[in-house]
$ cat start-v2.txt   # compact mmCIF, C-alpha atoms
# COMPACT_ATOMS: atom_id res chain seq x y z
CA MET Q 1 14.21 4.14 -3.35
CA ILE Q 2 10.65 3.06 -2.74
CA TYR Q 3 9.01 0.13 -0.96
CA SER Q 4 5.85 -1.66 -1.99
CA MET Q 5 3.22 -2.29 0.66
CA THR Q 6 2.80 -5.84 -0.65
CA GLY Q 7 5.02 -8.38 1.06
CA TYR Q 8 5.41 -11.71 2.83
CA GLY Q 9 7.77 -12.96 5.51
CA LYS Q 10 7.94 -16.22 7.46
CA SER Q 11 10.26 -17.42 10.20
CA VAL Q 12 10.29 -20.75 12.06
CA LEU Q 13 11.61 -21.34 15.59
CA GLN Q 14 12.23 -24.93 16.72
CA LEU Q 15 12.15 -25.39 20.49
CA PRO Q 16 12.62 -28.68 22.43
CA THR Q 17 8.88 -29.33 22.78
CA LYS Q 18 7.29 -27.14 20.11
CA LYS Q 19 7.72 -25.52 16.72
CA ILE Q 20 6.68 -21.87 16.39
CA ASN Q 21 5.76 -20.47 12.97
CA ILE Q 22 5.67 -16.70 12.55
CA GLU Q 23 4.03 -15.25 9.42
CA LEU Q 24 3.66 -11.70 8.13
CA LYS Q 25 1.56 -10.69 5.13
CA SER Q 26 0.89 -7.15 3.94
CA LEU Q 27 -1.23 -5.43 1.30
CA ASN Q 28 -1.81 -1.79 0.45
CA SER Q 29 -3.80 0.48 2.77
CA LYS Q 30 -3.96 4.23 3.40
CA ASN Q 31 -2.97 3.71 7.03
CA LEU Q 32 -1.68 0.94 9.31
CA ASP Q 33 -4.33 -1.78 9.59
CA LEU Q 34 -2.86 -4.53 11.78
CA ASN Q 35 -4.53 -7.86 12.51
CA ALA Q 36 -2.72 -10.14 15.01
CA ARG Q 37 -3.49 -13.81 15.70
CA MET Q 38 -1.64 -15.74 18.39
CA PRO Q 39 -2.14 -18.31 21.17
CA SER Q 40 -3.56 -16.92 24.41
CA ILE Q 41 -0.29 -17.46 26.24
CA TYR Q 42 1.33 -14.70 24.16
CA ARG Q 43 -1.56 -12.20 24.38
CA GLU Q 44 0.12 -10.22 27.14
CA LYS Q 45 2.87 -9.39 24.63
CA GLU Q 46 0.48 -8.23 21.90
CA LEU Q 47 0.98 -4.50 22.54
CA ASP Q 48 4.77 -4.92 22.31
CA ILE Q 49 4.37 -6.83 19.05
CA ARG Q 50 2.04 -4.19 17.59
CA LYS Q 51 4.48 -1.40 18.48
CA LEU Q 52 7.37 -3.28 16.88
CA LEU Q 53 5.39 -3.94 13.67
CA ALA Q 54 4.16 -0.33 13.49
CA ASP Q 55 7.72 1.01 13.85
CA LYS Q 56 9.20 -1.33 11.24
CA LEU Q 57 6.40 -1.65 8.66
CA GLU Q 58 4.81 1.82 9.00
CA ARG Q 59 1.76 1.35 6.76
CA GLY Q 60 -0.37 -1.27 5.04
CA LYS Q 61 -2.98 -3.94 5.79
CA ILE Q 62 -0.85 -6.34 7.81
CA ASP Q 63 -1.73 -9.84 9.01
CA PHE Q 64 0.54 -11.17 11.78
CA SER Q 65 0.26 -14.76 12.99
CA ILE Q 66 1.97 -17.01 15.51
CA TYR Q 67 1.21 -20.73 15.14
CA VAL Q 68 2.44 -23.30 17.67
CA GLU Q 69 2.92 -27.00 16.86
CA MET Q 70 3.64 -29.32 19.78
CA THR Q 71 6.46 -31.71 18.89
CA ALA Q 72 6.78 -33.56 22.24
CA GLU Q 73 4.60 -34.75 25.11
CA ASP Q 74 3.87 -31.59 26.94
CA THR Q 75 0.42 -30.78 28.27
CA SER Q 76 -0.96 -28.21 30.65
CA THR Q 77 -3.99 -30.41 31.47
CA GLN Q 78 -3.79 -32.85 34.41
CA ILE Q 79 -6.22 -35.31 36.00
CA ASN Q 80 -7.55 -34.18 39.36
CA GLU Q 81 -7.07 -37.58 41.05
CA PRO Q 82 -8.87 -36.95 44.39
CA VAL Q 83 -11.94 -35.59 42.63
CA VAL Q 84 -12.05 -38.44 40.09
CA LYS Q 85 -11.74 -41.07 42.86
CA GLN Q 86 -14.53 -39.43 44.79
CA TYR Q 87 -16.75 -39.47 41.70
CA ILE Q 88 -16.03 -43.20 41.18
CA ASN Q 89 -16.87 -44.00 44.81
CA GLN Q 90 -20.13 -42.11 44.53
CA LEU Q 91 -20.99 -43.87 41.25
CA LYS Q 92 -20.38 -47.29 42.85
CA LYS Q 93 -23.11 -46.49 45.38
CA VAL Q 94 -25.52 -45.82 42.54
CA VAL Q 95 -24.67 -48.54 39.99
CA ASP Q 96 -22.63 -51.70 39.76
CA GLY Q 97 -20.14 -51.30 36.95
CA ASP Q 98 -16.70 -52.02 35.65
CA GLU Q 99 -13.97 -49.72 37.02
CA ILE Q 100 -13.01 -48.63 33.50
CA GLU Q 101 -16.58 -47.65 32.63
CA LEU Q 102 -16.95 -45.77 35.89
CA LEU Q 103 -13.66 -43.94 35.16
CA LYS Q 104 -14.93 -42.93 31.71
CA MET Q 105 -17.99 -41.42 33.37
CA ALA Q 106 -16.04 -39.76 36.19
CA VAL Q 107 -13.62 -37.82 33.96
CA ARG Q 108 -16.57 -36.13 32.24
CA PHE Q 109 -17.76 -34.53 35.45
CA PRO Q 110 -16.84 -30.95 36.52
CA ASP Q 111 -13.35 -30.38 37.96
CA ALA Q 112 -12.18 -33.86 36.92
CA LEU Q 113 -9.46 -32.20 34.86
CA ASN Q 114 -7.25 -29.30 35.89
CA THR Q 115 -5.82 -26.94 33.27
CA VAL Q 116 -2.72 -25.19 34.50
CA ARG Q 117 -2.30 -21.73 33.02
CA GLU Q 118 1.02 -21.55 31.20
CA GLU Q 119 3.38 -18.70 31.94
CA ILE Q 120 5.65 -17.21 29.31
CA ASP Q 121 9.22 -18.30 29.65
CA GLU Q 122 11.27 -15.11 29.12
CA THR Q 123 14.11 -16.98 27.43
CA GLU Q 124 11.61 -18.54 25.04
CA TRP Q 125 9.96 -15.17 24.43
CA LYS Q 126 13.31 -13.54 23.64
CA ALA Q 127 13.89 -16.23 20.99
CA ILE Q 128 10.42 -15.59 19.58
CA GLN Q 129 11.11 -11.84 19.44
CA ASN Q 130 14.26 -12.49 17.42
CA GLU Q 131 12.23 -14.60 14.97
CA ILE Q 132 9.62 -11.85 14.66
CA ILE Q 133 12.42 -9.43 13.75
CA SER Q 134 13.70 -11.95 11.18
CA ALA Q 135 10.20 -12.17 9.65
CA ILE Q 136 10.06 -8.35 9.52
CA GLU Q 137 13.42 -8.25 7.72
CA LEU Q 138 12.16 -10.81 5.19
CA ILE Q 139 8.94 -8.91 4.48
CA ASN Q 140 10.86 -5.64 4.12
CA ASN Q 141 13.25 -7.28 1.63
CA TYR Q 142 10.21 -8.52 -0.27
CA ARG Q 143 8.75 -4.99 -0.20
CA LEU Q 144 12.03 -3.52 -1.45
CA ASP Q 145 12.19 -5.96 -4.38
CA GLU Q 146 8.60 -5.11 -5.31
CA GLY Q 147 9.46 -1.43 -4.94
CA LYS Q 148 12.32 -1.71 -7.43
CA VAL Q 149 9.91 -3.10 -10.02
CA LEU Q 150 7.47 -0.23 -9.36
CA GLU Q 151 10.28 2.34 -9.49
CA LYS Q 152 11.40 1.11 -12.90
CA ASP Q 153 7.83 1.32 -14.20
CA PHE Q 154 7.35 4.85 -12.79
CA LYS Q 155 10.55 6.14 -14.37
CA ASN Q 156 9.59 4.66 -17.71
CA ARG Q 157 6.13 6.27 -17.65
CA ILE Q 158 7.44 9.65 -16.46
CA LYS Q 159 9.92 9.52 -19.33
CA ILE Q 160 7.07 8.89 -21.78
CA ILE Q 161 5.11 11.87 -20.39
CA ASP Q 162 8.27 14.00 -20.64
CA GLU Q 163 8.74 12.96 -24.29
CA LEU Q 164 5.10 13.79 -25.04
CA LEU Q 165 5.60 17.18 -23.36
CA GLU Q 166 8.56 17.86 -25.67
CA LYS Q 167 6.27 17.17 -28.63
CA VAL Q 168 3.72 19.59 -27.18
CA ILE Q 169 6.44 22.26 -26.82
CA THR Q 170 7.58 21.70 -30.41
CA MET Q 171 3.99 21.81 -31.66
CA ASP Q 172 2.96 24.90 -29.70
CA PRO Q 173 4.08 27.60 -32.22
CA GLU Q 174 2.32 25.71 -35.00
CA ARG Q 175 -0.82 25.56 -32.84
CA ILE Q 176 -0.85 29.33 -32.26
CA VAL Q 177 -0.43 29.97 -35.99
CA GLY Q 178 -3.30 27.60 -36.69
CA VAL Q 179 -5.57 29.33 -34.14
CA ARG Q 180 -4.74 32.74 -35.62
CA GLU Q 181 -5.42 31.54 -39.16
CA ARG Q 182 -8.77 29.99 -38.22
CA LEU Q 183 -9.95 33.15 -36.49
CA THR Q 184 -8.78 35.41 -39.31
CA LYS Q 185 -10.43 33.20 -41.91
CA GLY Q 186 -13.66 33.13 -39.90
CA VAL Q 187 -13.81 36.93 -39.73
CA GLU Q 188 -13.00 37.30 -43.44
CA GLU Q 189 -15.80 34.91 -44.35
CA LEU Q 190 -18.27 37.26 -42.69
CA LYS Q 191 -17.56 39.71 -45.53
CA GLU Q 192 -18.05 42.62 -43.20
CA LYS Q 193 -15.83 45.63 -42.78
CA TYR Q 194 -13.86 45.69 -39.56
CA ASP Q 195 -11.12 47.72 -37.92
CA GLU Q 196 -7.96 45.73 -38.56
CA ASN Q 197 -6.08 47.31 -35.65
CA ARG Q 198 -8.92 46.58 -33.24
CA PHE Q 199 -9.21 43.06 -34.60
CA GLU Q 200 -5.48 42.51 -34.11
CA GLN Q 201 -5.73 43.69 -30.49
CA GLU Q 202 -8.67 41.38 -29.81
CA LEU Q 203 -6.86 38.53 -31.55
CA VAL Q 204 -3.78 38.97 -29.37
CA TYR Q 205 -5.98 39.08 -26.25
CA TYR Q 206 -7.87 35.96 -27.35
CA ILE Q 207 -4.72 34.00 -28.18
CA GLU Q 208 -3.23 34.89 -24.78
CA LYS Q 209 -6.03 32.84 -23.20
CA PHE Q 210 -4.64 29.80 -25.01
CA ASP Q 211 -1.06 30.40 -23.92
CA ILE Q 212 0.34 27.34 -22.11
CA THR Q 213 3.86 28.57 -21.38
CA GLU Q 214 3.39 28.46 -17.60
CA GLU Q 215 1.75 25.02 -17.73
CA LYS Q 216 4.62 23.61 -19.79
CA VAL Q 217 7.20 24.92 -17.32
CA ARG Q 218 5.29 23.71 -14.26
CA LEU Q 219 4.64 20.29 -15.77
CA LYS Q 220 8.33 19.86 -16.54
CA ASN Q 221 9.20 20.87 -12.96
CA HIS Q 222 6.68 18.40 -11.52
CA LEU Q 223 8.06 15.56 -13.64
CA ASP Q 224 11.60 16.33 -12.47
CA TYR Q 225 10.40 16.56 -8.85
CA PHE Q 226 8.69 13.17 -9.14
CA ILE Q 227 11.97 11.54 -10.23
CA GLU Q 228 13.84 13.38 -7.47
CA ALA Q 229 11.36 12.03 -4.88
CA LEU Q 230 11.76 8.51 -6.32
CA ASN Q 231 15.52 8.72 -5.87
CA SER Q 232 15.35 9.99 -2.27
CA THR Q 233 16.44 7.76 0.63
CA ASP Q 234 12.94 7.37 2.06
CA SER Q 235 9.82 5.76 0.58
CA ASN Q 236 6.90 8.20 0.57
CA GLY Q 237 3.95 7.04 -1.51
CA LYS Q 238 1.73 9.86 -0.22
CA LYS Q 239 4.23 12.51 -1.37
CA LEU Q 240 4.45 10.89 -4.81
CA GLY Q 241 0.65 10.87 -4.88
CA PHE Q 242 0.52 14.62 -4.27
CA ILE Q 243 3.06 15.26 -7.02
CA SER Q 244 1.08 13.10 -9.45
CA GLN Q 245 -2.01 15.21 -8.68
CA GLU Q 246 -0.07 18.35 -9.63
CA ILE Q 247 1.12 16.66 -12.83
CA GLY Q 248 -2.48 15.81 -13.66
CA ARG Q 249 -3.61 19.39 -13.02
CA GLU Q 250 -1.10 20.80 -15.52
CA ILE Q 251 -1.90 18.14 -18.13
CA ASN Q 252 -5.61 18.89 -17.82
CA THR Q 253 -5.04 22.64 -18.20
CA ILE Q 254 -2.92 22.11 -21.31
CA GLY Q 255 -5.71 19.95 -22.72
CA SER Q 256 -8.41 22.53 -22.01
CA LYS Q 257 -6.34 25.37 -23.48
CA SER Q 258 -4.91 23.55 -26.48
CA ASN Q 259 -7.87 24.00 -28.88
CA TYR Q 260 -5.82 21.94 -31.34
CA ALA Q 261 -6.60 18.31 -32.17
CA PRO Q 262 -2.99 17.04 -32.61
CA MET Q 263 -2.04 18.50 -29.21
CA GLN Q 264 -5.15 17.09 -27.53
CA GLN Q 265 -4.14 13.64 -28.78
CA LEU Q 266 -0.81 14.04 -27.00
CA VAL Q 267 -2.63 15.16 -23.87
CA VAL Q 268 -4.80 12.01 -23.95
CA GLN Q 269 -1.65 9.87 -24.11
CA MET Q 270 -0.14 11.75 -21.16
CA LYS Q 271 -3.32 11.21 -19.13
CA ASP Q 272 -3.26 7.51 -19.90
CA GLU Q 273 0.31 7.16 -18.61
CA LEU Q 274 -0.48 9.21 -15.52
CA GLU Q 275 -3.51 7.07 -14.64
CA LYS Q 276 -1.32 3.97 -14.72
CA ILE Q 277 1.14 5.72 -12.38
CA LYS Q 278 -1.66 6.66 -9.96
CA GLU Q 279 -2.94 3.08 -9.87
CA GLN Q 280 0.49 1.76 -8.95
CA LEU Q 281 1.10 4.53 -6.40
CA LEU Q 282 -1.68 3.07 -4.25
CA ASN Q 283 0.75 0.22 -3.49
CA VAL Q 284 3.75 2.39 -2.54
CA LEU Q 285 4.67 2.71 1.15
$ encode --input "start-v2.txt" --output "C-alpha cells"
Amino acid sequence: MIYSMTGYGKSVLQLPTKKINIELKSLNSKNLDLNARMPSIYREKELDIRKLLADKLERGKIDFSIYVEMTAEDTSTQINEPVVKQYINQLKKVVDGDEIELLKMAVRFPDALNTVREEIDETEWKAIQNEIISAIELINNYRLDEGKVLEKDFKNRIKIIDELLEKVITMDPERIVGVRERLTKGVEELKEKYDENRFEQELVYYIEKFDITEEKVRLKNHLDYFIEALNSTDSNGKKLGFISQEIGREINTIGSKSNYAPMQQLVVQMKDELEKIKEQLLNVL
C-alpha cells in the first residue's frame, strides 16, 4: 500500500457570524515543506497546526490555508466617541462647517477608531481543529487513491522487467556459445599455430568475465523485494527508491557484460521501464 504525495482536501465550518474555509494542497518534496496562511487571530495556534500536519502528512510540499468570511454584522473596530467629539469641537474653532463634513474629517484623525484585539474562543477553536482533521482525512484519501494508481503502474512495469529478465536467462547460453565461436573464429583467421590447451584455458578465463549468473539472481531478488515493499502496510517512497537503484545497478552490469546485441536490446528495454518507475517514485510518500 503506497500513498502519493499529491493531494487536496477542503473542509468548511459554518459559525453563527462567519464561515471558515480550510484548504490543504500537497505536492511531492524530499522532505516536509509546510506553508501556512491564516488570519492573525489564529497565529498563536500555528505551532499546534504544524505539528498536527507533520504527524499526519509526514512529507511533501504542503500548503495549508484558513480563510474567514464574515456572514453577519460583527466588527472589532469601534468609534472612539470622546476623541471624535473633541476633534469636532476643535475643528469648529478653526472653520465654520456642516456637522457631517466635520465628522468626516474627524474620523480620519489618529485614535478616532479603536480596534479591539480579538481573542480566540476555545469552543470555536475546537470546532476548527475538528475541521482541520477532516481536511487531513480528505487529503489522505486523495493520496491513497493516487497511490493505488501508482502501485498498479509499478507492478505492471516490474512485471515487464521480470519478463525481459526471463528472456535474458533463456538467451544466456546462446550468448556464451556465440562469444566462444567469435573468439575461436578470430584466432583461426590469424592462421598462426597456437597451443589449443592454453587457448582453451584463456578462453574459459575470458568467458568467465562475461558471466552474469550473480547479476541475474540479484536482479530477480530485487524485483521480488520491490513488490514485497509495495505490498507492505506502510508507504515508503525512499525505500522503494533505494531498491530501484539496486535494480538499475544489476541491469547496467548485465548490459556491460552482455557483449551480445540481442541481449543489449533487452537491457535497453529494462532501463526504459526502470526510468519510468524512478520518475513516478518521486511522487510516492
$ closest_residue --input "start-v2.txt" --among "Q:Ile207, Q:Ser29, Q:Ile158, Q:Asp234" --to "Gly178 (chain Q)" --atoms "only C-alpha atoms"
Q:Ile207
$ residues_around --input "start-v2.txt" --residues "Glu273 (chain Q)" --least-positions-apart "5" --cutoff "8 Å" --atoms "only C-alpha atoms" --output "list of chain:residue names"
Q:Arg157, Q:Ile158, Q:Ile160, Q:Ile161
$ closest_residue --input "start-v2.txt" --among "Q:Gly60, Q:Pro173, Q:Pro110, Q:Gly241" --to "Tyr87 (chain Q)" --atoms "only C-alpha atoms"
Q:Pro110
$ closest_residue --input "start-v2.txt" --among "Q:Gln14, Q:Phe154, Q:Lys278, Q:Phe242" --to "Ala127 (chain Q)" --atoms "only C-alpha atoms"
Q:Gln14
$ closest_residue --input "start-v2.txt" --among "Q:Lys93, Q:Arg180, Q:Val12, Q:Ile243" --to "Leu230 (chain Q)" --atoms "all atoms listed in the file"
Q:Ile243
$ axis_aligned_box --input "start-v2.txt" --around "region 276-285 of chain Q" --padding-each-side "4 Å" --output "JSON"
{"center_x": 0.9, "center_y": 3.4, "center_z": -6.8, "size_x": 15.6, "size_y": 14.4, "size_z": 23.9}
